[in-house]
Structure formats: C-alpha cells, structure tokens
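Enquirer: Hey, dropping my_file-v9.txt in here, compact mmCIF, C-alpha atoms and all ligand atoms:
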```
# COMPACT_ATOMS: atom_id res chain seq x y z
CA MET A 1 0.00 0.00 0.00
CA ARG A 2 1.16 3.52 -0.76
CA ILE A 3 0.14 6.24 1.72
CA ASP A 4 0.59 9.93 0.93
CA VAL A 5 0.02 12.39 3.77
CA ILE A 6 -0.40 16.10 3.17
CA THR A 7 0.50 18.00 6.32
CA LEU A 8 2.13 21.17 7.61
CA PHE A 9 3.95 18.93 10.13
CA PRO A 10 5.46 16.11 8.07
CA GLU A 11 7.98 15.25 10.80
CA TRP A 12 5.11 14.19 13.11
CA ILE A 13 3.88 11.72 10.53
CA GLN A 14 7.40 10.57 9.60
CA GLN A 15 7.90 9.50 13.24
CA LEU A 16 5.47 6.68 12.54
CA ALA A 17 7.92 5.27 10.02
CA SER A 18 10.29 4.29 12.84
CA LEU A 19 7.82 3.10 15.48
CA GLY A 20 6.09 -0.19 16.29
CA VAL A 21 3.67 -1.90 13.95
CA THR A 22 3.75 0.94 11.44
CA GLY A 23 7.54 1.06 11.45
CA ARG A 24 7.73 -2.67 10.79
CA ALA A 25 5.16 -2.56 7.98
CA LEU A 26 7.10 0.21 6.29
CA SER A 27 10.54 -1.35 6.69
CA ASN A 28 9.18 -4.71 5.47
CA GLY A 29 8.01 -3.01 2.31
CA LYS A 30 4.33 -3.82 2.97
CA ALA A 31 3.64 -0.10 2.76
CA GLU A 32 5.25 3.11 1.66
CA LEU A 33 4.68 6.43 3.46
CA VAL A 34 5.28 9.74 1.68
CA THR A 35 4.66 13.14 3.27
CA TRP A 36 4.01 16.42 1.48
CA ASN A 37 4.13 19.90 2.98
CA PRO A 38 1.75 22.42 1.36
CA ARG A 39 4.20 25.14 2.43
CA ASP A 40 6.53 23.80 -0.27
CA PHE A 41 3.80 24.50 -2.84
CA THR A 42 3.27 28.17 -2.04
CA LEU A 43 4.26 30.73 -4.65
CA ASP A 44 4.59 33.82 -2.44
CA ARG A 45 7.63 35.11 -0.58
CA HIS A 46 6.15 34.33 2.86
CA HIS A 47 5.08 30.77 2.01
CA GLN A 48 1.63 31.57 3.34
CA VAL A 49 -0.64 28.55 3.91
CA ASP A 50 -3.54 30.18 5.79
CA ASP A 51 -5.49 33.42 6.02
CA ARG A 52 -8.30 35.06 8.00
CA PRO A 53 -11.84 33.76 7.55
CA TYR A 54 -14.25 35.71 5.34
CA GLY A 55 -17.17 36.83 7.49
CA GLY A 56 -14.93 37.24 10.51
CA GLY A 57 -14.40 35.06 13.53
CA PRO A 58 -11.48 33.53 15.35
CA GLY A 59 -8.54 31.64 13.92
CA MET A 60 -7.26 31.04 10.43
CA VAL A 61 -8.41 28.98 7.45
CA MET A 62 -6.12 26.87 5.25
CA LEU A 63 -5.75 28.34 1.75
CA ALA A 64 -7.15 26.27 -1.12
CA GLU A 65 -4.37 26.90 -3.64
CA PRO A 66 -1.33 25.41 -1.82
CA LEU A 67 -3.42 22.30 -1.00
CA ALA A 68 -4.62 21.98 -4.62
CA LEU A 69 -1.04 22.29 -5.93
CA THR A 70 0.13 19.68 -3.41
CA LEU A 71 -2.64 17.26 -4.41
CA GLU A 72 -1.80 17.76 -8.08
CA ALA A 73 1.84 16.91 -7.34
CA VAL A 74 0.78 13.82 -5.38
CA LYS A 75 -1.37 12.61 -8.27
CA ARG A 76 1.39 13.24 -10.83
CA GLN A 77 3.61 10.91 -8.84
CA ALA A 78 1.15 8.06 -8.41
CA ALA A 79 -1.90 8.19 -10.66
CA THR A 80 -5.28 8.08 -8.95
CA GLY A 81 -6.61 7.48 -5.48
CA LEU A 82 -9.39 8.80 -3.30
CA VAL A 83 -8.50 11.85 -1.24
CA SER A 84 -9.50 11.54 2.44
CA ALA A 85 -9.46 14.60 4.67
CA MET A 86 -9.15 14.28 8.45
CA SER A 87 -11.78 16.61 9.88
CA PRO A 88 -14.14 17.02 12.84
CA GLN A 89 -16.89 17.29 10.17
CA GLY A 90 -16.11 13.82 8.84
CA ARG A 91 -17.82 10.47 9.37
CA PRO A 92 -16.64 8.87 12.60
CA LEU A 93 -14.01 6.24 11.90
CA ASN A 94 -14.78 2.68 13.00
CA GLN A 95 -13.30 -0.75 12.33
CA ALA A 96 -15.63 -1.38 9.35
CA ALA A 97 -14.35 1.82 7.70
CA VAL A 98 -10.75 0.87 8.55
CA LYS A 99 -11.25 -2.50 6.83
CA LYS A 100 -12.46 -0.80 3.65
CA LEU A 101 -9.53 1.62 3.71
CA ALA A 102 -7.15 -1.32 4.17
CA ASN A 103 -8.45 -2.85 0.93
CA ARG A 104 -7.34 0.14 -1.15
CA ASP A 105 -3.89 0.06 -2.66
CA ARG A 106 -3.48 3.78 -2.12
CA LEU A 107 -4.44 6.28 0.61
CA ILE A 108 -4.16 10.05 0.29
CA LEU A 109 -4.66 11.64 3.70
CA LEU A 110 -5.11 15.40 4.00
CA CYS A 111 -4.53 16.87 7.47
CA GLY A 112 -6.36 20.04 8.41
CA ARG A 113 -4.98 22.63 10.83
CA TYR A 114 -6.31 25.84 12.35
CA GLU A 115 -10.09 26.32 12.06
CA GLY A 116 -10.27 24.23 8.92
CA ILE A 117 -9.81 24.15 5.16
CA ASP A 118 -11.39 26.48 2.56
CA GLN A 119 -14.66 24.75 1.65
CA ARG A 120 -14.03 25.09 -2.09
CA LEU A 121 -10.98 22.84 -1.81
CA LEU A 122 -13.04 20.28 0.12
CA ASP A 123 -15.86 20.47 -2.46
CA THR A 124 -13.64 19.97 -5.50
CA CYS A 125 -10.59 17.95 -4.43
CA VAL A 126 -11.67 15.81 -1.45
CA ASP A 127 -13.66 12.58 -1.81
CA GLU A 128 -14.44 11.80 1.84
CA GLN A 129 -13.85 13.12 5.34
CA TRP A 130 -13.08 11.12 8.47
CA SER A 131 -13.33 12.14 12.10
CA LEU A 132 -11.91 10.32 15.14
CA GLY A 133 -15.04 11.11 17.14
CA ASP A 134 -16.82 13.88 19.00
CA TYR A 135 -13.96 15.59 20.77
CA VAL A 136 -11.57 18.32 19.70
CA ILE A 137 -7.93 17.74 18.81
CA SER A 138 -5.64 20.38 17.36
CA GLY A 139 -5.25 19.07 13.84
CA GLY A 140 -5.53 16.16 11.44
CA GLU A 141 -2.06 14.71 12.03
CA LEU A 142 -3.01 12.58 15.03
CA ALA A 143 -6.09 11.40 13.15
CA ALA A 144 -4.00 10.44 10.11
CA ALA A 145 -1.60 8.60 12.41
CA VAL A 146 -4.54 6.66 13.84
CA VAL A 147 -5.82 5.77 10.36
CA ILE A 148 -2.36 4.64 9.26
CA ASP A 149 -1.82 2.46 12.34
CA ALA A 150 -5.29 0.92 12.15
CA VAL A 151 -4.96 0.20 8.42
CA LEU A 152 -1.39 -1.14 8.38
CA ARG A 153 -2.03 -3.68 11.14
CA LEU A 154 -4.70 -5.25 8.91
CA LEU A 155 -2.31 -5.80 6.00
CA PRO A 156 -1.30 -9.46 5.59
CA GLY A 157 2.03 -10.23 7.22
CA VAL A 158 2.25 -7.05 9.31
CA LEU A 159 1.22 -8.50 12.68
CA GLY A 160 3.22 -11.37 14.13
CA HIS A 161 0.22 -13.64 14.60
CA GLU A 162 -2.01 -13.66 11.54
CA GLN A 163 -5.09 -14.17 13.72
CA SER A 164 -4.50 -11.30 16.13
CA ALA A 165 -6.17 -8.64 14.01
CA GLU A 166 -9.20 -10.85 13.40
CA GLN A 167 -9.67 -11.64 17.11
CA ASP A 168 -9.66 -7.99 18.13
CA SER A 169 -12.58 -6.26 19.70
CA PHE A 170 -14.86 -4.62 17.20
CA SER A 171 -13.93 -6.94 14.34
CA LEU A 172 -17.46 -7.63 13.24
CA ASP A 173 -18.18 -11.29 13.74
CA GLU A 174 -19.09 -12.59 10.27
CA LYS A 175 -21.38 -15.26 11.71
CA THR A 176 -23.36 -13.21 14.22
CA GLY A 177 -23.12 -9.75 12.65
CA TYR A 178 -22.16 -8.03 15.87
CA GLY A 179 -18.81 -7.00 17.34
CA LEU A 180 -17.94 -7.29 21.02
CA LEU A 181 -15.51 -5.70 23.44
CA ASP A 182 -12.66 -7.96 24.48
CA CYS A 183 -12.79 -10.30 27.47
CA PRO A 184 -10.49 -9.61 30.46
CA HIS A 185 -6.92 -10.93 30.29
CA TYR A 186 -4.68 -12.25 33.09
CA THR A 187 -1.05 -13.28 33.35
CA ARG A 188 1.35 -14.33 36.12
CA PRO A 189 1.34 -14.36 39.08
CA GLU A 190 -1.73 -16.44 39.89
CA ASN A 191 -2.13 -14.52 43.15
CA TRP A 192 -1.24 -10.83 42.90
CA ARG A 193 -1.72 -8.81 46.10
CA GLU A 194 -4.41 -11.26 47.23
CA LEU A 195 -6.24 -10.96 43.89
CA LYS A 196 -6.71 -14.36 42.21
CA VAL A 197 -6.94 -15.21 38.55
CA PRO A 198 -10.42 -16.59 37.73
CA GLU A 199 -10.34 -20.35 38.50
CA ILE A 200 -11.65 -21.36 35.09
CA LEU A 201 -8.59 -19.97 33.28
CA LEU A 202 -6.40 -22.42 35.25
CA SER A 203 -8.69 -25.41 34.61
CA GLY A 204 -7.24 -26.50 31.26
CA ASN A 205 -10.83 -26.98 30.06
CA HIS A 206 -10.56 -25.16 26.75
CA ALA A 207 -14.23 -25.36 25.81
CA ALA A 208 -15.26 -23.94 29.19
CA ILE A 209 -12.60 -21.21 28.90
CA GLU A 210 -13.89 -20.25 25.47
CA ASP A 211 -17.44 -20.01 26.82
CA TRP A 212 -16.29 -17.95 29.79
CA ARG A 213 -14.41 -15.53 27.56
CA ARG A 214 -17.39 -15.15 25.24
CA GLN A 215 -19.62 -14.55 28.27
CA GLN A 216 -17.27 -11.91 29.70
CA ALA A 217 -17.10 -10.18 26.30
CA LEU A 218 -20.90 -10.14 26.05
CA LEU A 219 -21.24 -8.78 29.58
CA ALA A 220 -18.58 -6.07 29.09
CA THR A 221 -20.26 -4.94 25.88
CA TRP A 222 -23.73 -4.97 27.43
CA LYS A 223 -22.54 -2.86 30.37
CA THR A 224 -20.16 -0.41 28.67
CA ARG A 225 -21.08 -0.27 24.98
CA PRO A 226 -24.74 -1.25 24.52
CA ASP A 227 -24.64 0.78 21.28
CA LEU A 228 -22.48 -1.98 19.75
CA LEU A 229 -25.35 -4.42 20.32
CA ALA A 230 -28.10 -2.30 18.77
CA GLY A 231 -29.89 -4.46 16.22
CA ALA A 232 -27.93 -7.57 17.21
CA VAL A 233 -29.72 -10.88 16.89
CA PHE A 234 -28.11 -13.08 19.54
CA SER A 235 -27.45 -16.74 18.93
CA ASP A 236 -29.19 -19.04 21.44
CA LYS A 237 -25.81 -19.75 23.00
CA ASP A 238 -24.96 -16.04 23.42
CA LYS A 239 -28.42 -15.41 24.81
CA ALA A 240 -27.89 -18.09 27.44
CA LEU A 241 -24.37 -16.90 28.31
CA LEU A 242 -25.47 -13.29 28.71
CA ALA A 243 -28.62 -14.18 30.66
CA ALA A 244 -26.55 -16.28 33.07
CA ALA A 245 -23.97 -13.50 33.49
CA LEU A 246 -26.67 -10.91 34.15
CA ALA A 247 -28.41 -13.23 36.61
CA ASP A 248 -25.09 -13.72 38.48
CA GLN A 249 -24.63 -9.96 38.61
CA GLU A 250 -28.14 -9.49 39.92
CA ALA A 251 -27.55 -12.14 42.60
CA GLU A 252 -24.26 -10.47 43.61
CA SER A 253 -25.88 -7.06 43.93
CA ILE A 254 -28.59 -8.53 46.18
CA THR A 255 -26.45 -10.78 48.39
CA GLY A 256 -23.41 -8.51 48.33
CA ILE A 257 -20.93 -11.26 47.39
C1 LIG B 1 -15.40 25.41 17.20
C2 LIG B 1 -15.32 24.64 15.94
N1 LIG B 1 -14.28 23.61 15.99
C3 LIG B 1 -14.79 22.45 15.20
C4 LIG B 1 -15.19 21.33 16.05
C5 LIG B 1 -13.06 24.16 15.45
C6 LIG B 1 -12.00 23.17 15.15
C7 LIG B 1 -11.45 22.41 16.15
C8 LIG B 1 -10.42 21.52 15.87
C9 LIG B 1 -11.53 23.05 13.87
C10 LIG B 1 -10.50 22.17 13.60
C11 LIG B 1 -9.94 21.42 14.59
C12 LIG B 1 -8.83 20.51 14.30
N2 LIG B 1 -9.27 19.10 14.36
C13 LIG B 1 -9.07 18.28 13.34
O1 LIG B 1 -8.52 18.69 12.35
C14 LIG B 1 -9.57 16.93 13.38
C15 LIG B 1 -10.39 16.24 14.34
C16 LIG B 1 -10.95 16.65 15.58
O2 LIG B 1 -10.76 17.77 16.09
N3 LIG B 1 -11.73 15.75 16.26
C17 LIG B 1 -11.94 14.48 15.80
N4 LIG B 1 -11.42 14.07 14.67
C18 LIG B 1 -10.66 14.94 13.95
S1 LIG B 1 -9.95 14.59 12.50
C19 LIG B 1 -9.27 16.08 12.33
```
Could you show the structure in this file as structure tokens?

Expert:
Amino acid sequence: MRIDVITLFPEWIQQLASLGVTGRALSNGKAELVTWNPRDFTLDRHHQVDDRPYGGGPGMVMLAEPLALTLEAVKRQAATGLVSAMSPQGRPLNQAAVKKLANRDRLILLCGRYEGIDQRLLDTCVDEQWSLGDYVISGGELAAAVVIDAVLRLLPGVLGHEQSAEQDSFSLDEKTGYGLLDCPHYTRPENWRELKVPEILLSGNHAAIEDWRRQQALLATWKTRPDLLAGAVFSDKDKALLAAALADQEAESITGI
C-alpha cells in the first residue's frame, strides 16, 4: 500500500515510520509512506498557507491553492486514489471503515490545521472526510496517524500472529453480525496482592474457557457499549451466556458477594 500524507507537520507523521507496527510494515516493504508539505507549494515570498476567515471570527483557514497544488503533485507521482481529509466534520471512523480503507492500494490523507480548510478545496478535491469522534484535537495529524496504524495492522504479514487482528474487539463477527468488546486478560502471578486469577482460566478446560471468555465479552459490551449491540440478533448460546452473566450480577448485587 502507498500512503501519501499532506501535512504542515510532516515530521510528526514521519515519526510513525520508525515506530512499532507501522515502522515494521514500512521497513518490510508492505507499505510506503510519503509526506508532502503544502508550504513547499506556495508561490509567495512568505510561504503563506492560511489566512483570516471571510465573514470574521477567530482563527485562520487553510488556503485552497497550496493544497490543490500539493494534491496535483501527489497525483502526478502516483496516478489516482481517493482523497481523504481528516476533519471534525467527517464520518466517525470505525473498524468497518478501517477494513475498507485497508483494501485500497493507495491512501491520500489530508490533514487540516487551524479552524479548517477552505470549503471550495473540500468540495472539489476531497472525496471523503473522516473524524476520530466527537472531541476536539488540534489538527488532522493525530487522526491520520490513527488511520495509518489501524490500516497497516490489517495488512497481511504485518502483525506477528495472523489471527490477532481478526480476534480484536470490534472486528465484526461474520457469523453473528455483531462485534464485542474484548474479554479480560490475566497473566502471572496467579495470586497478585491477594487478587486471584479466575479459576476457570487455570482449569485447562478449553471449551469452558472459550465459553467464559465469550460470556465476559458479552457482559462487558452490554454494560459499557450497549450501542455496539443495537440491532444484534443473539445466537441461542450467546443469549444463554449473557442471561446467566446478568443473573449472576443481579444475585451479587442482592447478596453482596
Ligand atoms: C469550534 C469549531 N471547531 C470544530 C469542532 C473548530 C476546530 C477544532 C479543531 C476546527 C478544527 C480542529 C482541528 N481538528 C481536526 O482537524 C480533526 C479532528 C478533531 O478535532 N476531532 C476528531 N477528529 C478529527 S480529524 C481532524
């Protein structure tokens, strides 16, 4: 996969090239990361990339022309590809969107700064906009970094264990059509400051362990992220596991154990 990132802070994005999963994917040649600074595509003496908003108001707006010239240079170097802007006005990113992005052989990520980008550039040169969610961050670079990390770890051969990506929370279960939060995890020691590892995980009974993990995942999702279960049609097994977990919880809250 080739990823082009248009940003006023290319060094932030370039850091990814040396770190963790993204670093490995890039050094293994599974992906190529190229950054472009719109400041290098300004034609004036001051290399101006932003200006005051028409109509007044706080902050600055990114100029259309340097971004258009940058995008034209990107496309000269590697034919076509959808242009994705990182923006608080975008569709919220989720794992289903990440999977679709990972299937492209090219990503062009445009990072906004300041109050935003001139709307005419968005209307004519940008194909889609992605947000990280309903909170404010200072610019698109962190969002692009998130997209790049989430996408690269889905590429074949990037993660150590091929299955890891598929087992993650939120990977929509093909069979049931709903995604769950992860179950709790434990490692040594068995007794840490008087806190024991759940007995079942030490039992060696793999079928029972699998059921327990599924049950814990269902319960965690039900309690913390009921939105992930909206419209879910539970299998009979999941229904039984969740009902039993909720009944246990109810009993605990009554008896206080
Ligand atoms: C008061 C209006 N603000 C819009 C919510 C102004 C504003 C805040 C932050 C304009 C731009 C930004 C910079 N943020 C991003 O570029 C951004 C972002 C975000 O702030 N939240 C979630 N996802 C993203 S992706 C890019």

Enquirer: Could you pull the residues within 12 Å of Leu201 (chain A), counting only C-alpha atoms, minus those fewer than 3 positions along the same chain, as an MDAnalysis selection string?

Expert: chainID A and resid 184:188 190 196:198 204:213

Enquirer: Can you write out the residues you just picked, keeping C-alpha atoms, as a PDB file, in the frame of the given file?

Expert:
```
ATOM      1  CA  PRO A 184     -10.490  -9.610  30.460  1.00  0.00           C
ATOM      2  CA  HIS A 185      -6.920 -10.930  30.290  1.00  0.00           C
ATOM      3  CA  TYR A 186      -4.680 -12.250  33.090  1.00  0.00           C
ATOM      4  CA  THR A 187      -1.050 -13.280  33.350  1.00  0.00           C
ATOM      5  CA  ARG A 188       1.350 -14.330  36.120  1.00  0.00           C
ATOM      6  CA  GLU A 190      -1.730 -16.440  39.890  1.00  0.00           C
ATOM      7  CA  LYS A 196      -6.710 -14.360  42.210  1.00  0.00           C
ATOM      8  CA  VAL A 197      -6.940 -15.210  38.550  1.00  0.00           C
ATOM      9  CA  PRO A 198     -10.420 -16.590  37.730  1.00  0.00           C
ATOM     10  CA  GLY A 204      -7.240 -26.500  31.260  1.00  0.00           C
ATOM     11  CA  ASN A 205     -10.830 -26.980  30.060  1.00  0.00           C
ATOM     12  CA  HIS A 206     -10.560 -25.160  26.750  1.00  0.00           C
ATOM     13  CA  ALA A 207     -14.230 -25.360  25.810  1.00  0.00           C
ATOM     14  CA  ALA A 208     -15.260 -23.940  29.190  1.00  0.00           C
ATOM     15  CA  ILE A 209     -12.600 -21.210  28.900  1.00  0.00           C
ATOM     16  CA  GLU A 210     -13.890 -20.250  25.470  1.00  0.00           C
ATOM     17  CA  ASP A 211     -17.440 -20.010  26.820  1.00  0.00           C
ATOM     18  CA  TRP A 212     -16.290 -17.950  29.790  1.00  0.00           C
ATOM     19  CA  ARG A 213     -14.410 -15.530  27.560  1.00  0.00           C
TER      20      ARG A 213
END
```

Enquirer: Please return as a list in words the residues found within 8 Å of ligand LIG 1 (chain B), counting all atoms listed in the file.

Expert: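 The distance check yields Ala85, Met86, Ser87, Pro88, Gln89, Gly90, Pro92, Cys111, Gly112, Arg113, Tyr114, Glu115, Gly116, Trp130, Ser131, Leu132, Gly133, Asp134, Tyr135, Val136, Ile137, Ser138, Gly139, Gly140, Glu141, Leu142, Ala143 and Ala144 of chain A.
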
Enquirer: With only C-alpha atoms as the atoms that count, which of A:Asn191, A:Thr42, A:Thr255, A:Gln216 lies nearest to Met62 (chain A)?

Expert: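 Using only C-alpha atoms, Met62 (chain A) sits closest to A:Thr42.
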
Enquirer: Hey, which of A:Gln77, A:Ser18, A:Gln215, A:Ser203 ends up closest to Leu241 (chain A)? Count all atoms listed in the file.

Expert: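 For Leu241 (chain A), the nearest of the given residues is A:Gln215.
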
Enquirer: Of the residues A:Tyr54, A:Gln14, A:Gly20, A:Lys239, which is the one nearest to Glu32 (chain A), using only C-alpha atoms?

Expert: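 Of A:Tyr54, A:Gln14, A:Gly20, A:Lys239, the one nearest Glu32 (chain A) is A:Gln14, counting only C-alpha atoms.
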
Enquirer: Write out as an MDAnalysis selection string the residues lying within 7 Å of Thr7 (chain A), counting all atoms listed in the file and excluding same-chain residues fewer than 6 positions away.

Expert: chainID A and resid 36:38 110:111

Enquirer: Using all atoms listed in the file, find the one residue out of A:Arg2, A:Ala217, A:Leu109, A:Arg193 that sits nearest to Thr70 (chain A).

Expert: A:Leu109

Enquirer: Using only C-alpha atoms, which residue out of A:Met1, A:Leu122, A:Leu228, A:Ile148 lies closest to Leu16 (chain A)?

Expert: A:Ile148
